[in-house]
Amino acid sequence: MVDTFYAIGLVMRLCQSISLLELLHICVGIEPNHLFPRFLQLTERIIILFVVITSQEEVQEKYVVCVLFIFWNLLDMVRYTYSMLSVIGISYAILTWFSQTLWMPIYPLCVLAEAFAIYQSLPYFESFGTYSTKLPFDLSIYFPYVLKIYIMMLFIGKWLFCFVFAFFLCFLLCAAIYFNRKVCEHGRNRGGSPE
């Protein structure tokens with residue numbers, strides 16, 4: 001697990017760079033997804049992979065890199081297989097189910113792993129001063145602050161996702177109870193009427 005980045009880091013960087021073509025596929029209409037959510041997800045991965053992990057050799061040896069790569073690849077393996085088969089008109093029920101539900105538990109875990117990777121990289125960014133720069137007029141960009149703000153944004157997004165997901169589940173549960181009562185009432189009314 002420690003040498004995960006050294007074993008497949010080049011392949012992951014290549015695959016994540018090529019995945020930017022998805023934005024073009026969405027714009028052209030090959031893939032029927034929304035552009036903005038896909039753009040955010042790809043940008044998040046590019047930032048984590050190239051800015052946080054690749055730029056700090058000490059972070060590349062952390063266990064969180066292996067965990068993050070497993071989560072990313074698990075999601076992509078299902079999503080790309082589903083998308084590829086959908087484009088050519090082939091559909092499997094189990095693959096559709098995985099594609100529509102697997103991201104629900106994995107995506108929050110990805111966010112946690114990404115936040116943990118950023119957290120573990122902060123001491124190295126602080127000590128080496130990577131990406132921190134002095135601007136004119138006595139201004140400077142201290143990159144660890146940028147990463148801390150990014151972690152807060154990840155957790156706000158995760159909290160918002162969990163809130164919306166919980167609201168959606170409550171709505172489905174209430175709708176199921178309502179329709180169950182209506183079906184039962186309809187069955188009682190129909191069964192009790194003379195024919």
# chains A, B, ... in the order shown; residues from 1 in each chain; ligands from 1
call {"tool": "select_by_dssp", "arguments": {"residues": "segment 25-183 of chain A", "states": "strand (DSSP E)", "output": "mmCIF file with N, CA, C and O atoms, in the first residue's frame"}}
result
data_model
loop_
_atom_site.group_PDB
_atom_site.id
_atom_site.type_symbol
_atom_site.label_atom_id
_atom_site.label_comp_id
_atom_site.auth_asym_id
_atom_site.auth_seq_id
_atom_site.Cartn_x
_atom_site.Cartn_y
_atom_site.Cartn_z
ATOM 1 N N THR A 133 3.404 31.902 -2.725
ATOM 2 C CA THR A 133 4.126 32.904 -3.501
ATOM 3 C C THR A 133 3.889 34.306 -2.955
ATOM 4 O O THR A 133 2.877 34.569 -2.322
ATOM 5 N N LYS A 134 4.848 35.151 -3.231
ATOM 6 C CA LYS A 134 4.752 36.561 -2.831
ATOM 7 C C LYS A 134 4.297 37.353 -4.040
ATOM 8 O O LYS A 134 4.851 37.240 -5.120
ATOM 9 N N LEU A 135 3.251 38.147 -3.852
ATOM 10 C CA LEU A 135 2.703 38.971 -4.920
ATOM 11 C C LEU A 135 3.129 40.422 -4.721
ATOM 12 O O LEU A 135 3.583 40.803 -3.642
ATOM 13 N N LEU A 139 1.402 41.550 -0.887
ATOM 14 C CA LEU A 139 0.423 40.470 -0.802
ATOM 15 C C LEU A 139 1.141 39.154 -1.023
ATOM 16 O O LEU A 139 2.165 39.088 -1.698
ATOM 17 N N SER A 140 0.580 38.107 -0.455
ATOM 18 C CA SER A 140 1.155 36.784 -0.685
ATOM 19 C C SER A 140 0.048 35.732 -0.645
ATOM 20 O O SER A 140 -0.998 35.945 -0.040
ATOM 21 N N ILE A 141 0.318 34.641 -1.305
ATOM 22 C CA ILE A 141 -0.597 33.502 -1.276
ATOM 23 C C ILE A 141 0.083 32.403 -0.475
ATOM 24 O O ILE A 141 1.153 31.911 -0.856
#
call {"tool": "residues_around", "arguments": {"residues": "Met84 of chain A", "least_positions_apart": "5", "cutoff": "12 Å", "atoms": "only C-alpha atoms", "output": "ChimeraX atom specification"}}
result
/A:30-32,76-79,89-92,95-96,99
call {"tool": "write_last_selection", "arguments": {"atoms": "N, CA, C and O atoms", "output": "mmCIF file, in the first residue's frame"}}
result
data_model
loop_
_atom_site.group_PDB
_atom_site.id
_atom_site.type_symbol
_atom_site.label_atom_id
_atom_site.label_comp_id
_atom_site.auth_asym_id
_atom_site.auth_seq_id
_atom_site.Cartn_x
_atom_site.Cartn_y
_atom_site.Cartn_z
ATOM 1 N N ILE A 30 -22.376 12.976 -26.802
ATOM 2 C CA ILE A 30 -22.096 11.536 -26.791
ATOM 3 C C ILE A 30 -22.524 10.927 -25.465
ATOM 4 O O ILE A 30 -23.091 9.846 -25.413
ATOM 5 N N GLU A 31 -22.254 11.646 -24.397
ATOM 6 C CA GLU A 31 -22.604 11.166 -23.053
ATOM 7 C C GLU A 31 -23.708 12.047 -22.491
ATOM 8 O O GLU A 31 -23.569 13.271 -22.441
ATOM 9 N N PRO A 32 -24.833 11.446 -22.050
ATOM 10 C CA PRO A 32 -25.967 12.254 -21.579
ATOM 11 C C PRO A 32 -25.878 12.607 -20.091
ATOM 12 O O PRO A 32 -26.703 12.193 -19.296
ATOM 13 N N ASP A 76 -15.206 4.505 -11.149
ATOM 14 C CA ASP A 76 -15.004 4.656 -12.593
ATOM 15 C C ASP A 76 -15.214 3.353 -13.349
ATOM 16 O O ASP A 76 -15.737 3.356 -14.459
ATOM 17 N N MET A 77 -14.818 2.248 -12.755
ATOM 18 C CA MET A 77 -14.991 0.958 -13.415
ATOM 19 C C MET A 77 -16.471 0.694 -13.695
ATOM 20 O O MET A 77 -16.858 0.312 -14.802
ATOM 21 N N VAL A 78 -17.313 0.933 -12.718
ATOM 22 C CA VAL A 78 -18.753 0.713 -12.897
ATOM 23 C C VAL A 78 -19.344 1.763 -13.831
ATOM 24 O O VAL A 78 -20.092 1.448 -14.759
ATOM 25 N N ARG A 79 -18.989 3.029 -13.615
ATOM 26 C CA ARG A 79 -19.594 4.116 -14.393
ATOM 27 C C ARG A 79 -19.201 4.048 -15.868
ATOM 28 O O ARG A 79 -20.045 4.189 -16.753
ATOM 29 N N GLY A 89 -26.228 0.652 -26.689
ATOM 30 C CA GLY A 89 -27.582 0.121 -26.564
ATOM 31 C C GLY A 89 -27.713 -1.179 -25.801
ATOM 32 O O GLY A 89 -28.725 -1.857 -25.910
ATOM 33 N N ILE A 90 -26.727 -1.531 -24.998
ATOM 34 C CA ILE A 90 -26.791 -2.757 -24.203
ATOM 35 C C ILE A 90 -27.056 -2.371 -22.751
ATOM 36 O O ILE A 90 -26.444 -1.446 -22.224
ATOM 37 N N SER A 91 -27.973 -3.087 -22.109
ATOM 38 C CA SER A 91 -28.319 -2.775 -20.734
ATOM 39 C C SER A 91 -28.400 -4.054 -19.906
ATOM 40 O O SER A 91 -29.034 -5.020 -20.311
ATOM 41 N N TYR A 92 -27.739 -4.046 -18.762
ATOM 42 C CA TYR A 92 -27.821 -5.131 -17.793
ATOM 43 C C TYR A 92 -28.397 -4.551 -16.507
ATOM 44 O O TYR A 92 -27.924 -3.519 -16.025
ATOM 45 N N LEU A 95 -25.859 -4.093 -13.603
ATOM 46 C CA LEU A 95 -24.909 -3.013 -13.862
ATOM 47 C C LEU A 95 -25.592 -1.648 -13.721
ATOM 48 O O LEU A 95 -25.006 -0.708 -13.181
ATOM 49 N N THR A 96 -26.833 -1.558 -14.167
ATOM 50 C CA THR A 96 -27.596 -0.316 -14.002
ATOM 51 C C THR A 96 -27.793 -0.027 -12.516
ATOM 52 O O THR A 96 -27.621 1.111 -12.070
ATOM 53 N N SER A 99 -24.523 1.116 -11.073
ATOM 54 C CA SER A 99 -24.192 2.458 -11.547
ATOM 55 C C SER A 99 -25.017 3.526 -10.830
ATOM 56 O O SER A 99 -24.513 4.617 -10.557
#
call {"tool": "atom_distance", "arguments": {"atom1": "atom CA of Cys15 of chain A", "atom2": "atom CA of Trp72 of chain A"}}
result
11.1 Å
call {"tool": "residues_around", "arguments": {"residues": "segment 142-153 of chain A", "least_positions_apart": "5", "cutoff": "6 Å", "atoms": "only C-alpha atoms", "output": "short mmCIF file (atom, residue, chain, number, x, y, z; two decimals) with N, CA, C and O atoms, in the first residue's frame"}}
result
data_model
loop_
_atom_site.label_atom_id
_atom_site.label_comp_id
_atom_site.auth_asym_id
_atom_site.auth_seq_id
_atom_site.Cartn_x
_atom_site.Cartn_y
_atom_site.Cartn_z
N ALA A 115 -10.13 14.61 1.73
CA ALA A 115 -9.88 15.57 2.81
C ALA A 115 -8.72 15.09 3.69
O ALA A 115 -7.87 15.90 4.11
N LEU A 122 -0.72 18.98 4.45
CA LEU A 122 -0.54 20.35 4.96
C LEU A 122 0.83 20.60 5.60
O LEU A 122 1.44 21.64 5.31
N TYR A 131 3.94 26.10 -3.82
CA TYR A 131 2.85 26.90 -4.38
C TYR A 131 2.54 28.17 -3.60
O TYR A 131 1.65 28.90 -3.97
N SER A 132 3.24 28.42 -2.52
CA SER A 132 3.08 29.70 -1.82
C SER A 132 3.94 30.72 -2.55
O SER A 132 5.06 30.43 -2.95
#
call {"tool": "closest_atom_pairs", "arguments": {"of": "segment 106-178 of chain A", "to": "segment 56-68 of chain A", "cutoff": "9 Å", "atoms": "only C-alpha atoms", "output": "JSON lines"}}
result
{"residue": "A:Leu109", "atom": "CA", "partner": "A:Leu68", "partner_atom": "CA", "distance": 8.7}
{"residue": "A:Cys110", "atom": "CA", "partner": "A:Leu68", "partner_atom": "CA", "distance": 6.4}
{"residue": "A:Ala113", "atom": "CA", "partner": "A:Leu68", "partner_atom": "CA", "distance": 5.8}
{"residue": "A:Glu114", "atom": "CA", "partner": "A:Leu68", "partner_atom": "CA", "distance": 6.9}
{"residue": "A:Phe116", "atom": "CA", "partner": "A:Val64", "partner_atom": "CA", "distance": 7.2}
{"residue": "A:Ala117", "atom": "CA", "partner": "A:Val64", "partner_atom": "CA", "distance": 6.1}
{"residue": "A:Ile118", "atom": "CA", "partner": "A:Val59", "partner_atom": "CA", "distance": 9.0}
{"residue": "A:Gln120", "atom": "CA", "partner": "A:Val59", "partner_atom": "CA", "distance": 7.0}
{"residue": "A:Ser121", "atom": "CA", "partner": "A:Val59", "partner_atom": "CA", "distance": 5.9}
{"residue": "A:Tyr124", "atom": "CA", "partner": "A:Gln56", "partner_atom": "CA", "distance": 7.1}
{"residue": "A:Phe125", "atom": "CA", "partner": "A:Gln56", "partner_atom": "CA", "distance": 7.8}
{"residue": "A:Thr130", "atom": "CA", "partner": "A:Gln56", "partner_atom": "CA", "distance": 8.5}
call {"tool": "atom_distance", "arguments": {"atom1": "atom CA of Pro37 of chain A", "atom2": "atom CA of Leu20 of chain A"}}
result
12.9 Å
call {"tool": "closest_residue", "arguments": {"among": "A:Phe171, A:Phe69, A:Phe155, A:Tyr178", "to": "Ile53 of chain A", "atoms": "only C-alpha atoms"}}
result
A:Phe69
call {"tool": "atom_distance", "arguments": {"atom1": "atom CA of Gly29 of chain A", "atom2": "atom CA of Ser17 of chain A"}}
result
20.1 Å
call {"tool": "select_by_dssp", "arguments": {"residues": "segment 54-129 of chain A", "states": "helix (DSSP H, G or I)", "output": "ChimeraX atom specification"}}
result
/A:54,59-61,63-87,93-101,103-128
call {"tool": "residues_around", "arguments": {"residues": "Ile46 of chain A", "least_positions_apart": "2", "cutoff": "12 Å", "atoms": "only C-alpha atoms", "output": "list in words"}}
result
Met12, Arg13, Leu14, Cys15, Gln16, Ser17, Ile18, Ser19, Leu20, Phe39, Leu40, Gln41, Leu42, Thr43, Glu44, Ile48, Leu49, Phe50, Val51, Val52, Ile53, Thr54, Ser55, Trp72 and Glu114 of chain A
